[in-house]
$ cat model_9.pdb   # PDB, C-alpha atoms and all ligand atoms
ATOM      1  CA  MET A   1     -10.050 -23.943  -8.859  1.00  0.00           C
ATOM      2  CA  ALA A   2      -9.067 -21.535  -6.104  1.00  0.00           C
ATOM      3  CA  THR A   3     -11.964 -19.786  -4.414  1.00  0.00           C
ATOM      4  CA  LEU A   4     -12.035 -16.070  -3.695  1.00  0.00           C
ATOM      5  CA  HIS A   5     -11.338 -16.909  -0.069  1.00  0.00           C
ATOM      6  CA  ASP A   6      -8.212 -18.889  -1.101  1.00  0.00           C
ATOM      7  CA  ARG A   7      -6.938 -16.046  -3.270  1.00  0.00           C
ATOM      8  CA  ILE A   8      -7.485 -13.460  -0.548  1.00  0.00           C
ATOM      9  CA  THR A   9      -5.641 -15.666   1.929  1.00  0.00           C
ATOM     10  CA  ALA A  10      -2.782 -16.127  -0.553  1.00  0.00           C
ATOM     11  CA  VAL A  11      -2.422 -12.357  -1.063  1.00  0.00           C
ATOM     12  CA  HIS A  12      -2.362 -11.748   2.690  1.00  0.00           C
ATOM     13  CA  THR A  13       0.331 -14.418   2.984  1.00  0.00           C
ATOM     14  CA  ARG A  14       2.383 -12.621   0.324  1.00  0.00           C
ATOM     15  CA  ILE A  15       1.947  -9.302   2.159  1.00  0.00           C
ATOM     16  CA  ASN A  16       2.862 -10.780   5.540  1.00  0.00           C
ATOM     17  CA  THR A  17       5.914 -12.562   4.130  1.00  0.00           C
ATOM     18  CA  ALA A  18       7.100  -9.402   2.414  1.00  0.00           C
ATOM     19  CA  CYS A  19       6.615  -7.397   5.621  1.00  0.00           C
ATOM     20  CA  ALA A  20       8.586  -9.978   7.613  1.00  0.00           C
ATOM     21  CA  GLN A  21      11.418  -9.902   5.068  1.00  0.00           C
ATOM     22  CA  ALA A  22      11.464  -6.107   5.203  1.00  0.00           C
ATOM     23  CA  GLY A  23      11.413  -6.034   9.008  1.00  0.00           C
ATOM     24  CA  ARG A  24       8.072  -4.208   8.938  1.00  0.00           C
ATOM     25  CA  PRO A  25       5.068  -5.074  11.111  1.00  0.00           C
ATOM     26  CA  PRO A  26       2.337  -6.934   9.156  1.00  0.00           C
ATOM     27  CA  ASP A  27      -0.179  -4.175   9.835  1.00  0.00           C
ATOM     28  CA  ALA A  28       2.088  -1.578   8.193  1.00  0.00           C
ATOM     29  CA  VAL A  29       0.619  -2.456   4.786  1.00  0.00           C
ATOM     30  CA  GLY A  30      -3.048  -2.347   3.859  1.00  0.00           C
ATOM     31  CA  LEU A  31      -4.655  -4.433   1.139  1.00  0.00           C
ATOM     32  CA  LEU A  32      -6.660  -2.290  -1.254  1.00  0.00           C
ATOM     33  CA  CYS A  33      -8.846  -4.695  -3.247  1.00  0.00           C
ATOM     34  CA  VAL A  34      -9.139  -3.321  -6.790  1.00  0.00           C
ATOM     35  CA  SER A  35     -12.689  -4.244  -7.733  1.00  0.00           C
ATOM     36  CA  LYS A  36     -12.961  -2.402 -11.068  1.00  0.00           C
ATOM     37  CA  THR A  37     -14.966  -4.406 -13.609  1.00  0.00           C
ATOM     38  CA  GLN A  38     -16.089  -6.799 -10.834  1.00  0.00           C
ATOM     39  CA  PRO A  39     -19.792  -6.887  -9.965  1.00  0.00           C
ATOM     40  CA  ALA A  40     -21.157  -5.775  -6.599  1.00  0.00           C
ATOM     41  CA  ASP A  41     -21.616  -9.401  -5.537  1.00  0.00           C
ATOM     42  CA  VAL A  42     -17.869  -9.943  -5.728  1.00  0.00           C
ATOM     43  CA  VAL A  43     -17.287  -6.960  -3.426  1.00  0.00           C
ATOM     44  CA  ARG A  44     -19.895  -8.386  -1.099  1.00  0.00           C
ATOM     45  CA  ALA A  45     -18.133 -11.759  -1.086  1.00  0.00           C
ATOM     46  CA  ALA A  46     -14.749 -10.130  -0.386  1.00  0.00           C
ATOM     47  CA  HIS A  47     -16.330  -8.178   2.447  1.00  0.00           C
ATOM     48  CA  ALA A  48     -17.637 -11.461   3.860  1.00  0.00           C
ATOM     49  CA  CYS A  49     -14.021 -12.680   3.826  1.00  0.00           C
ATOM     50  CA  GLY A  50     -13.024  -9.666   5.933  1.00  0.00           C
ATOM     51  CA  GLU A  51     -11.958  -7.106   3.332  1.00  0.00           C
ATOM     52  CA  ARG A  52     -12.957  -3.473   3.850  1.00  0.00           C
ATOM     53  CA  HIS A  53     -10.997  -1.348   1.337  1.00  0.00           C
ATOM     54  CA  PHE A  54     -11.991  -1.320  -2.324  1.00  0.00           C
ATOM     55  CA  GLY A  55     -10.446   0.567  -5.238  1.00  0.00           C
ATOM     56  CA  GLU A  56     -12.409   1.702  -8.285  1.00  0.00           C
ATOM     57  CA  ASN A  57     -11.340   3.354 -11.554  1.00  0.00           C
ATOM     58  CA  TYR A  58     -14.571   4.295 -13.297  1.00  0.00           C
ATOM     59  CA  VAL A  59     -16.970   6.745 -11.668  1.00  0.00           C
ATOM     60  CA  GLN A  60     -20.304   5.492 -12.983  1.00  0.00           C
ATOM     61  CA  GLU A  61     -19.430   1.841 -12.488  1.00  0.00           C
ATOM     62  CA  ALA A  62     -18.421   2.587  -8.903  1.00  0.00           C
ATOM     63  CA  LEU A  63     -21.594   4.566  -8.147  1.00  0.00           C
ATOM     64  CA  ASP A  64     -23.748   1.712  -9.443  1.00  0.00           C
ATOM     65  CA  LYS A  65     -21.834  -0.750  -7.281  1.00  0.00           C
ATOM     66  CA  MET A  66     -22.135   1.429  -4.193  1.00  0.00           C
ATOM     67  CA  ALA A  67     -25.884   1.707  -4.768  1.00  0.00           C
ATOM     68  CA  ALA A  68     -26.111  -2.093  -4.685  1.00  0.00           C
ATOM     69  CA  LEU A  69     -24.084  -2.191  -1.467  1.00  0.00           C
ATOM     70  CA  THR A  70     -25.655   0.570   0.636  1.00  0.00           C
ATOM     71  CA  ASP A  71     -26.319  -1.906   3.451  1.00  0.00           C
ATOM     72  CA  LEU A  72     -22.532  -2.245   3.847  1.00  0.00           C
ATOM     73  CA  ARG A  73     -21.710   1.470   3.472  1.00  0.00           C
ATOM     74  CA  ALA A  74     -20.645   1.971   7.087  1.00  0.00           C
ATOM     75  CA  GLU A  75     -18.120  -0.866   6.810  1.00  0.00           C
ATOM     76  CA  LEU A  76     -16.658  -0.247   3.368  1.00  0.00           C
ATOM     77  CA  VAL A  77     -13.952   2.271   2.530  1.00  0.00           C
ATOM     78  CA  TRP A  78     -14.000   3.334  -1.110  1.00  0.00           C
ATOM     79  CA  HIS A  79     -10.835   4.505  -2.850  1.00  0.00           C
ATOM     80  CA  PHE A  80     -10.870   6.187  -6.249  1.00  0.00           C
ATOM     81  CA  ILE A  81      -7.671   5.171  -8.093  1.00  0.00           C
ATOM     82  CA  GLY A  82      -8.308   5.934 -11.766  1.00  0.00           C
ATOM     83  CA  PRO A  83      -7.846   8.979 -13.965  1.00  0.00           C
ATOM     84  CA  LEU A  84     -10.394  11.602 -12.918  1.00  0.00           C
ATOM     85  CA  GLN A  85     -11.740  14.325 -15.170  1.00  0.00           C
ATOM     86  CA  SER A  86     -12.763  17.517 -13.422  1.00  0.00           C
ATOM     87  CA  ASN A  87     -16.348  17.235 -14.647  1.00  0.00           C
ATOM     88  CA  LYS A  88     -16.732  14.022 -12.613  1.00  0.00           C
ATOM     89  CA  SER A  89     -15.101  15.318  -9.451  1.00  0.00           C
ATOM     90  CA  ARG A  90     -18.351  16.064  -7.599  1.00  0.00           C
ATOM     91  CA  ALA A  91     -19.559  12.473  -7.637  1.00  0.00           C
ATOM     92  CA  VAL A  92     -16.187  11.330  -6.332  1.00  0.00           C
ATOM     93  CA  ALA A  93     -16.064  14.018  -3.624  1.00  0.00           C
ATOM     94  CA  GLU A  94     -19.503  12.927  -2.456  1.00  0.00           C
ATOM     95  CA  ALA A  95     -19.169   9.149  -2.622  1.00  0.00           C
ATOM     96  CA  PHE A  96     -15.558   8.175  -1.944  1.00  0.00           C
ATOM     97  CA  ASP A  97     -13.341   8.191   1.152  1.00  0.00           C
ATOM     98  CA  TRP A  98      -9.975   8.373  -0.609  1.00  0.00           C
ATOM     99  CA  VAL A  99      -8.657   9.608  -3.972  1.00  0.00           C
ATOM    100  CA  HIS A 100      -5.216   8.231  -4.925  1.00  0.00           C
ATOM    101  CA  SER A 101      -5.015   9.829  -8.356  1.00  0.00           C
ATOM    102  CA  VAL A 102      -4.939  13.601  -7.805  1.00  0.00           C
ATOM    103  CA  ASP A 103      -2.768  15.069 -10.549  1.00  0.00           C
ATOM    104  CA  SER A 104      -3.699  18.743 -10.822  1.00  0.00           C
ATOM    105  CA  LEU A 105      -4.421  21.728  -8.609  1.00  0.00           C
ATOM    106  CA  LYS A 106      -7.657  22.318 -10.494  1.00  0.00           C
ATOM    107  CA  LEU A 107      -8.899  18.844  -9.587  1.00  0.00           C
ATOM    108  CA  ALA A 108      -7.751  19.189  -5.969  1.00  0.00           C
ATOM    109  CA  ARG A 109      -9.558  22.519  -5.576  1.00  0.00           C
ATOM    110  CA  ARG A 110     -12.762  21.111  -6.986  1.00  0.00           C
ATOM    111  CA  LEU A 111     -12.629  18.055  -4.727  1.00  0.00           C
ATOM    112  CA  SER A 112     -12.123  20.305  -1.697  1.00  0.00           C
ATOM    113  CA  GLU A 113     -14.969  22.636  -2.683  1.00  0.00           C
ATOM    114  CA  GLN A 114     -17.286  19.724  -3.468  1.00  0.00           C
ATOM    115  CA  ARG A 115     -16.586  17.578  -0.415  1.00  0.00           C
ATOM    116  CA  PRO A 116     -19.830  17.673   1.606  1.00  0.00           C
ATOM    117  CA  PRO A 117     -19.395  19.367   4.996  1.00  0.00           C
ATOM    118  CA  HIS A 118     -20.957  16.496   6.946  1.00  0.00           C
ATOM    119  CA  LEU A 119     -18.284  14.058   5.755  1.00  0.00           C
ATOM    120  CA  PRO A 120     -14.701  13.816   7.046  1.00  0.00           C
ATOM    121  CA  PRO A 121     -12.024  15.336   4.801  1.00  0.00           C
ATOM    122  CA  LEU A 122     -11.309  13.402   1.629  1.00  0.00           C
ATOM    123  CA  GLN A 123      -8.048  11.441   2.026  1.00  0.00           C
ATOM    124  CA  ILE A 124      -5.691  12.356  -0.804  1.00  0.00           C
ATOM    125  CA  CYS A 125      -2.651  10.942  -2.546  1.00  0.00           C
ATOM    126  CA  VAL A 126      -0.927  12.843  -5.322  1.00  0.00           C
ATOM    127  CA  GLN A 127      -0.138  10.602  -8.284  1.00  0.00           C
ATOM    128  CA  VAL A 128       3.470  10.930  -9.400  1.00  0.00           C
ATOM    129  CA  ASN A 129       4.920   9.764 -12.674  1.00  0.00           C
ATOM    130  CA  VAL A 130       8.205   8.483 -11.271  1.00  0.00           C
ATOM    131  CA  ASP A 131       9.362   7.000 -14.561  1.00  0.00           C
ATOM    132  CA  ASP A 132       8.889  10.318 -16.325  1.00  0.00           C
ATOM    133  CA  GLU A 133       7.785   8.607 -19.519  1.00  0.00           C
ATOM    134  CA  ASP A 134       5.063  10.071 -21.678  1.00  0.00           C
ATOM    135  CA  SER A 135       2.314   8.712 -19.497  1.00  0.00           C
ATOM    136  CA  LYS A 136      -0.990  10.542 -19.393  1.00  0.00           C
ATOM    137  CA  SER A 137      -1.445  10.380 -15.663  1.00  0.00           C
ATOM    138  CA  GLY A 138       0.612  11.627 -12.773  1.00  0.00           C
ATOM    139  CA  VAL A 139       2.715  14.741 -12.293  1.00  0.00           C
ATOM    140  CA  SER A 140       6.479  14.940 -12.566  1.00  0.00           C
ATOM    141  CA  PRO A 141       8.441  14.926  -9.281  1.00  0.00           C
ATOM    142  CA  PRO A 142       9.101  18.710  -9.324  1.00  0.00           C
ATOM    143  CA  GLU A 143       5.420  19.410 -10.051  1.00  0.00           C
ATOM    144  CA  ALA A 144       4.488  17.017  -7.265  1.00  0.00           C
ATOM    145  CA  LEU A 145       6.276  19.147  -4.674  1.00  0.00           C
ATOM    146  CA  ASP A 146       4.132  22.161  -5.585  1.00  0.00           C
ATOM    147  CA  LEU A 147       0.974  20.101  -5.730  1.00  0.00           C
ATOM    148  CA  VAL A 148       1.382  18.409  -2.331  1.00  0.00           C
ATOM    149  CA  THR A 149       2.119  21.798  -0.784  1.00  0.00           C
ATOM    150  CA  GLN A 150      -1.097  23.214  -2.211  1.00  0.00           C
ATOM    151  CA  VAL A 151      -3.213  20.152  -1.390  1.00  0.00           C
ATOM    152  CA  ALA A 152      -2.028  20.395   2.225  1.00  0.00           C
ATOM    153  CA  SER A 153      -3.625  23.840   2.464  1.00  0.00           C
ATOM    154  CA  LEU A 154      -7.055  22.916   1.058  1.00  0.00           C
ATOM    155  CA  PRO A 155      -9.648  22.749   3.828  1.00  0.00           C
ATOM    156  CA  ARG A 156     -11.732  19.723   2.882  1.00  0.00           C
ATOM    157  CA  LEU A 157      -8.812  17.523   1.837  1.00  0.00           C
ATOM    158  CA  GLN A 158      -6.353  15.637   3.995  1.00  0.00           C
ATOM    159  CA  LEU A 159      -3.029  15.101   2.261  1.00  0.00           C
ATOM    160  CA  ARG A 160      -1.903  11.538   3.002  1.00  0.00           C
ATOM    161  CA  GLY A 161       0.862  10.746   0.539  1.00  0.00           C
ATOM    162  CA  LEU A 162       1.965   9.729  -2.926  1.00  0.00           C
ATOM    163  CA  MET A 163       0.786   7.143  -5.429  1.00  0.00           C
ATOM    164  CA  SER A 164       2.435   5.727  -8.546  1.00  0.00           C
ATOM    165  CA  ILE A 165       1.824   3.256 -11.354  1.00  0.00           C
ATOM    166  CA  PRO A 166       5.343   2.644 -12.653  1.00  0.00           C
ATOM    167  CA  ALA A 167       5.907   1.291 -16.133  1.00  0.00           C
ATOM    168  CA  PRO A 168       6.056  -2.517 -15.953  1.00  0.00           C
ATOM    169  CA  HIS A 169       9.580  -3.762 -15.325  1.00  0.00           C
ATOM    170  CA  PRO A 170      10.656  -7.201 -16.612  1.00  0.00           C
ATOM    171  CA  ASP A 171      11.880  -8.140 -13.136  1.00  0.00           C
ATOM    172  CA  PRO A 172       9.005  -7.849 -10.608  1.00  0.00           C
ATOM    173  CA  ARG A 173      11.602  -7.601  -7.811  1.00  0.00           C
ATOM    174  CA  HIS A 174      13.017  -4.407  -9.312  1.00  0.00           C
ATOM    175  CA  ARG A 175      12.629  -1.664  -6.704  1.00  0.00           C
ATOM    176  CA  GLY A 176      13.821   1.377  -8.597  1.00  0.00           C
ATOM    177  CA  ALA A 177      10.503   3.154  -9.109  1.00  0.00           C
ATOM    178  CA  HIS A 178       9.218   2.213  -5.647  1.00  0.00           C
ATOM    179  CA  ASP A 179      12.377   3.466  -3.956  1.00  0.00           C
ATOM    180  CA  ALA A 180      12.114   6.676  -5.960  1.00  0.00           C
ATOM    181  CA  LEU A 181       8.551   7.337  -4.753  1.00  0.00           C
ATOM    182  CA  ALA A 182       9.517   6.608  -1.130  1.00  0.00           C
ATOM    183  CA  ALA A 183      12.488   8.967  -1.391  1.00  0.00           C
ATOM    184  CA  LEU A 184      10.240  11.719  -2.773  1.00  0.00           C
ATOM    185  CA  LEU A 185       7.780  11.335   0.093  1.00  0.00           C
ATOM    186  CA  HIS A 186      10.526  11.684   2.678  1.00  0.00           C
ATOM    187  CA  ALA A 187      12.139  14.616   0.875  1.00  0.00           C
ATOM    188  CA  PHE A 188       8.819  16.462   0.525  1.00  0.00           C
ATOM    189  CA  ASN A 189       7.974  15.903   4.188  1.00  0.00           C
ATOM    190  CA  ARG A 190      11.361  17.304   5.156  1.00  0.00           C
ATOM    191  CA  VAL A 191      11.487  20.377   2.940  1.00  0.00           C
ATOM    192  CA  ARG A 192       7.868  21.405   3.441  1.00  0.00           C
ATOM    193  CA  GLY A 193       7.316  20.213   7.010  1.00  0.00           C
ATOM    194  CA  LEU A 194       4.551  17.843   5.894  1.00  0.00           C
ATOM    195  CA  GLN A 195       3.501  14.620   7.602  1.00  0.00           C
ATOM    196  CA  MET A 196       2.585  12.385   4.703  1.00  0.00           C
ATOM    197  CA  ASP A 197       2.333   8.770   5.888  1.00  0.00           C
ATOM    198  CA  THR A 198       1.038   6.950   2.806  1.00  0.00           C
ATOM    199  CA  LEU A 199       2.767   5.302  -0.150  1.00  0.00           C
ATOM    200  CA  SER A 200       0.237   3.745  -2.532  1.00  0.00           C
ATOM    201  CA  MET A 201       2.373   1.517  -4.741  1.00  0.00           C
ATOM    202  CA  GLY A 202       2.599  -2.121  -5.763  1.00  0.00           C
ATOM    203  CA  MET A 203       0.045  -4.238  -7.609  1.00  0.00           C
ATOM    204  CA  SER A 204      -0.510  -7.969  -8.167  1.00  0.00           C
ATOM    205  CA  HIS A 205       2.830  -8.634  -9.834  1.00  0.00           C
ATOM    206  CA  ASP A 206       5.168  -6.445  -7.790  1.00  0.00           C
ATOM    207  CA  LEU A 207       3.704  -5.999  -4.325  1.00  0.00           C
ATOM    208  CA  GLU A 208       6.753  -7.596  -2.655  1.00  0.00           C
ATOM    209  CA  ALA A 209       9.147  -5.047  -4.145  1.00  0.00           C
ATOM    210  CA  ALA A 210       6.781  -2.217  -3.218  1.00  0.00           C
ATOM    211  CA  ILE A 211       6.541  -3.428   0.384  1.00  0.00           C
ATOM    212  CA  ALA A 212      10.329  -3.738   0.600  1.00  0.00           C
ATOM    213  CA  ALA A 213      10.503  -0.077  -0.482  1.00  0.00           C
ATOM    214  CA  GLY A 214       7.901   1.097   2.053  1.00  0.00           C
ATOM    215  CA  ALA A 215       4.435   0.767   0.474  1.00  0.00           C
ATOM    216  CA  THR A 216       1.569   1.329   2.910  1.00  0.00           C
ATOM    217  CA  TRP A 217      -1.230   0.447   0.442  1.00  0.00           C
ATOM    218  CA  VAL A 218      -0.826  -2.257  -2.166  1.00  0.00           C
ATOM    219  CA  ARG A 219      -3.529  -2.090  -4.845  1.00  0.00           C
ATOM    220  CA  VAL A 220      -4.368  -5.637  -5.933  1.00  0.00           C
ATOM    221  CA  GLY A 221      -6.869  -6.707  -8.562  1.00  0.00           C
ATOM    222  CA  THR A 222      -5.877  -9.677 -10.703  1.00  0.00           C
ATOM    223  CA  ALA A 223      -4.356 -11.760  -7.894  1.00  0.00           C
ATOM    224  CA  LEU A 224      -7.654 -11.530  -5.999  1.00  0.00           C
ATOM    225  CA  PHE A 225     -10.317 -11.559  -8.674  1.00  0.00           C
ATOM    226  CA  GLY A 226      -8.639 -13.105 -11.716  1.00  0.00           C
ATOM    227  CA  ALA A 227      -7.930 -11.553 -15.093  1.00  0.00           C
ATOM    228  CA  ARG A 228     -10.245  -8.727 -16.102  1.00  0.00           C
ATOM    229  CA  ALA A 229     -12.156  -8.723 -19.355  1.00  0.00           C
ATOM    230  CA  PRO A 230     -10.848  -5.884 -21.508  1.00  0.00           C
ATOM    231  CA  LYS A 231     -12.846  -2.693 -20.970  1.00  0.00           C
ATOM    232  CA  ALA A 232     -15.321  -2.392 -23.821  1.00  0.00           C
TER     233      ALA A 232
HETATM  234  C1  LIG A 301      -6.227  -2.001 -12.159  1.00  0.00           C
HETATM  235  C2  LIG A 301      -5.342  -1.258 -11.205  1.00  0.00           C
HETATM  236  C3  LIG A 301      -4.644  -1.938 -10.190  1.00  0.00           C
HETATM  237  C4  LIG A 301      -4.669  -3.432 -10.011  1.00  0.00           C
HETATM  238  O1  LIG A 301      -3.798  -4.043 -10.901  1.00  0.00           O
HETATM  239  P1  LIG A 301      -3.578  -5.647 -10.879  1.00  0.00           P
HETATM  240  O2  LIG A 301      -2.374  -5.809 -11.727  1.00  0.00           O
HETATM  241  O3  LIG A 301      -4.807  -6.251 -11.448  1.00  0.00           O
HETATM  242  O4  LIG A 301      -3.352  -6.035  -9.456  1.00  0.00           O
HETATM  243  C5  LIG A 301      -3.899  -1.174  -9.310  1.00  0.00           C
HETATM  244  N1  LIG A 301      -3.831   0.171  -9.422  1.00  0.00           N
HETATM  245  C6  LIG A 301      -4.486   0.838 -10.369  1.00  0.00           C
HETATM  246  C7  LIG A 301      -4.375   2.316 -10.433  1.00  0.00           C
HETATM  247  C8  LIG A 301      -5.250   0.149 -11.303  1.00  0.00           C
HETATM  248  O5  LIG A 301      -5.883   0.840 -12.269  1.00  0.00           O
END

$ encode --input "model_9.pdb" --output "structure tokens" --more "lines below"
Ligand SMILES: *Cc1c(COP(=O)(O)O)cnc(C)c1O
Amino acid sequence: MATLHDRITAVHTRINTACAQAGRPPDAVGLLCVSKTQPADVVRAAHACGERHFGENYVQEALDKMAALTDLRAELVWHFIGPLQSNKSRAVAEAFDWVHSVDSLKLARRLSEQRPPHLPPLQICVQVNVDDEDSKSGVSPPEALDLVTQVASLPRLQLRGLMSIPAPHPDPRHRGAHDALAALLHAFNRVRGLQMDTLSMGMSHDLEAAIAAGATWVRVGTALFGARAPKA
């Protein structure tokens, strides 16, 4: 059975190979370890293997995990990647470094107001529904242009880029949705004079296609930690 160390090494090999094939430097893409449903000890073990960036979807679960890992706080970078209700924004503004899933101006304003002054600005991606299906999360591309423009003006937030969770495609090499998100980022930067540098896209099954299209964070859970038990 592969150890955690083996699986981490295998994911880095996939990332490096995909970067080489895309003519991108290997450090152009960060590995965001998606540790939702995994206990704190698993995060600790991944940290011991050299990982620093962890993605969480559920606020209370993440806070409990952070409390068990306070000795590592200075070395860990916590990314919130799940749907976020406004009534839980304060805990996220206080405890996380990044939020990838901003999908409304109301949420962005609250995060900015609630970000403690002694911390650096919260790093923000706007979540875009590139497929335009009836998904609950993410804004449509036209809404995203307004939202990134407004996020850029909020004082305690730093707008970094765009995030997407495209509908699963039968061919993991299919780039359509990833190319669409990359094109939006470049168009928004151009028309609004923004300097977004982050594309959070690609997961365990399709990280190669996302890297080919320009991903700068790939968010990987299953390939590192195994299949998750269904959320009770
Ligand atoms: C769970 C999750 C992931 C990780 O997905 P895997 O297929 O397990 O790699 C990535 N991004 C988000 C937003 C998630 O919720």

$ residues_around --input "model_9.pdb" --residues "Gln21 of chain A" --least-positions-apart "4" --cutoff "9 Å" --atoms "all atoms listed in the file" --output "mmCIF file with C-alpha atoms, keeping the file's coordinate frame"
data_model
loop_
_atom_site.group_PDB
_atom_site.id
_atom_site.type_symbol
_atom_site.label_atom_id
_atom_site.label_comp_id
_atom_site.auth_asym_id
_atom_site.auth_seq_id
_atom_site.Cartn_x
_atom_site.Cartn_y
_atom_site.Cartn_z
ATOM 1 C CA ASN A 16 2.862 -10.780 5.540
ATOM 2 C CA THR A 17 5.914 -12.562 4.130
ATOM 3 C CA ALA A 212 10.329 -3.738 0.600
#

$ resolve_selection --input "model_9.pdb" --expression "the PyMOL selection byres (((not hetatm)) within 12 of (chain A and resi 301))" --output "number ranges by chain"
A: 11, 31-38, 54-58, 79-84, 99-102, 125, 127-128, 137-138, 163-168, 172, 200-207, 217-231

$ residues_around --input "model_9.pdb" --residues "Val130 of chain A" --least-positions-apart "4" --cutoff "7 Å" --atoms "only C-alpha atoms" --output "VMD selection string"
chain A and resid 140 to 141 164 166 177 180 to 181

$ closest_residue --input "model_9.pdb" --among "A:Pro121, A:Gly50, A:Gly214, A:Pro39" --to "His178 of chain A" --atoms "only C-alpha atoms"
A:Gly214

$ atom_distance --input "model_9.pdb" --atom1 "atom CA of Asp97 of chain A" --atom2 "atom CA of Leu184 of chain A"
24.2 Å

$ resolve_selection --input "model_9.pdb" --expression "the PyMOL selection byres (((chain A and resi 76) around 9) and not hetatm)" --output "PyMOL selection string"
chain A and resi 47+51-54+72-75+77-78

$ atom_distance --input "model_9.pdb" --atom1 "atom CA of Ala18 of chain A" --atom2 "atom CA of Val148 of chain A"
28.8 Å

$ residues_around --input "model_9.pdb" --residues "Gly161 of chain A" --least-positions-apart "4" --cutoff "6 Å" --atoms "all atoms listed in the file" --output "list in words"
Cys125, Met196, Asp197, Thr198 and Leu199 of chain A

$ axis_aligned_box --input "model_9.pdb" --around "segment 107-119 of chain A" --padding-each-side "3 Å" --output "lines of an AutoDock Vina configuration file"
center_x = -14.4
center_y = 18.3
center_z = -1.3
size_x = 19.2
size_y = 14.6
size_z = 22.5

$ atom_distance --input "model_9.pdb" --atom1 "atom CA of Lys65 of chain A" --atom2 "atom CA of Arg14 of chain A"
28.0 Å

$ residues_around --input "model_9.pdb" --residues "Ser153 of chain A" --least-positions-apart "6" --cutoff "12 Å" --atoms "all atoms listed in the file" --output "list of chain:residue names"
A:Leu105, A:Ala108, A:Arg109, A:Ser112, A:Asp146, A:Leu147, A:Leu159, A:Arg192, A:Leu194

$ write_last_selection --input "model_9.pdb" --atoms "C-alpha atoms" --output "PDB file, keeping the file's coordinate frame"
ATOM      1  CA  LEU A 105      -4.421  21.728  -8.609  1.00  0.00           C
ATOM      2  CA  ALA A 108      -7.751  19.189  -5.969  1.00  0.00           C
ATOM      3  CA  ARG A 109      -9.558  22.519  -5.576  1.00  0.00           C
ATOM      4  CA  SER A 112     -12.123  20.305  -1.697  1.00  0.00           C
ATOM      5  CA  ASP A 146       4.132  22.161  -5.585  1.00  0.00           C
ATOM      6  CA  LEU A 147       0.974  20.101  -5.730  1.00  0.00           C
ATOM      7  CA  LEU A 159      -3.029  15.101   2.261  1.00  0.00           C
ATOM      8  CA  ARG A 192       7.868  21.405   3.441  1.00  0.00           C
ATOM      9  CA  LEU A 194       4.551  17.843   5.894  1.00  0.00           C
TER      10      LEU A 194
END

$ residues_near_point --input "model_9.pdb" --point "(-14.6, 21.0, -5.5)" --cutoff "10 Å" --atoms "only C-alpha atoms" --output "list in words"
Ser86, Ser89, Arg90, Val92, Ala93, Glu94, Lys106, Leu107, Ala108, Arg109, Arg110, Leu111, Ser112, Glu113, Gln114, Arg115, Pro116, Arg156 and Leu157 of chain A

$ residues_around --input "model_9.pdb" --residues "Val29 of chain A" --least-positions-apart "2" --cutoff "8 Å" --atoms "all atoms listed in the file" --output "MDAnalysis selection string"
chainID A and resid 15 19 26:27 31 211 215:218

$ residues_near_point --input "model_9.pdb" --point "(-27.9, -4.6, -6.1)" --cutoff "8 Å" --atoms "only C-alpha atoms" --output "PyMOL selection string"
chain A and resi 40-41+65+67-69

$ decode --input "model_9.pdb" --residues "segment 216-223 of chain A" --atoms "N, CA, C and O atoms" --output "compact mmCIF listing (two decimals), in the first residue's frame"
# COMPACT_ATOMS: atom_id res chain seq x y z
N THR A 216 -2.38 27.97 -11.48
CA THR A 216 -1.28 28.26 -10.57
C THR A 216 -1.44 27.57 -9.22
O THR A 216 -0.48 27.40 -8.49
N TRP A 217 -2.68 27.20 -8.85
CA TRP A 217 -2.93 26.28 -7.73
C TRP A 217 -3.69 25.09 -8.29
O TRP A 217 -4.72 25.29 -8.96
N VAL A 218 -3.24 23.88 -7.99
CA VAL A 218 -4.10 22.72 -8.19
C VAL A 218 -4.53 22.25 -6.81
O VAL A 218 -3.74 22.22 -5.87
N ARG A 219 -5.82 21.95 -6.68
CA ARG A 219 -6.41 21.59 -5.38
C ARG A 219 -6.61 20.08 -5.37
O ARG A 219 -7.50 19.57 -6.06
N VAL A 220 -5.80 19.36 -4.59
CA VAL A 220 -5.77 17.90 -4.70
C VAL A 220 -6.10 17.25 -3.37
O VAL A 220 -5.43 17.52 -2.36
N GLY A 221 -7.14 16.43 -3.37
CA GLY A 221 -7.50 15.69 -2.17
C GLY A 221 -7.29 14.20 -2.34
O GLY A 221 -6.35 13.61 -1.80
N THR A 222 -8.17 13.58 -3.12
CA THR A 222 -8.18 12.12 -3.25
C THR A 222 -6.82 11.52 -3.62
O THR A 222 -6.42 10.50 -3.06
N ALA A 223 -6.11 12.13 -4.55
CA ALA A 223 -4.84 11.55 -5.00
C ALA A 223 -3.79 11.56 -3.89
O ALA A 223 -2.84 10.78 -3.93
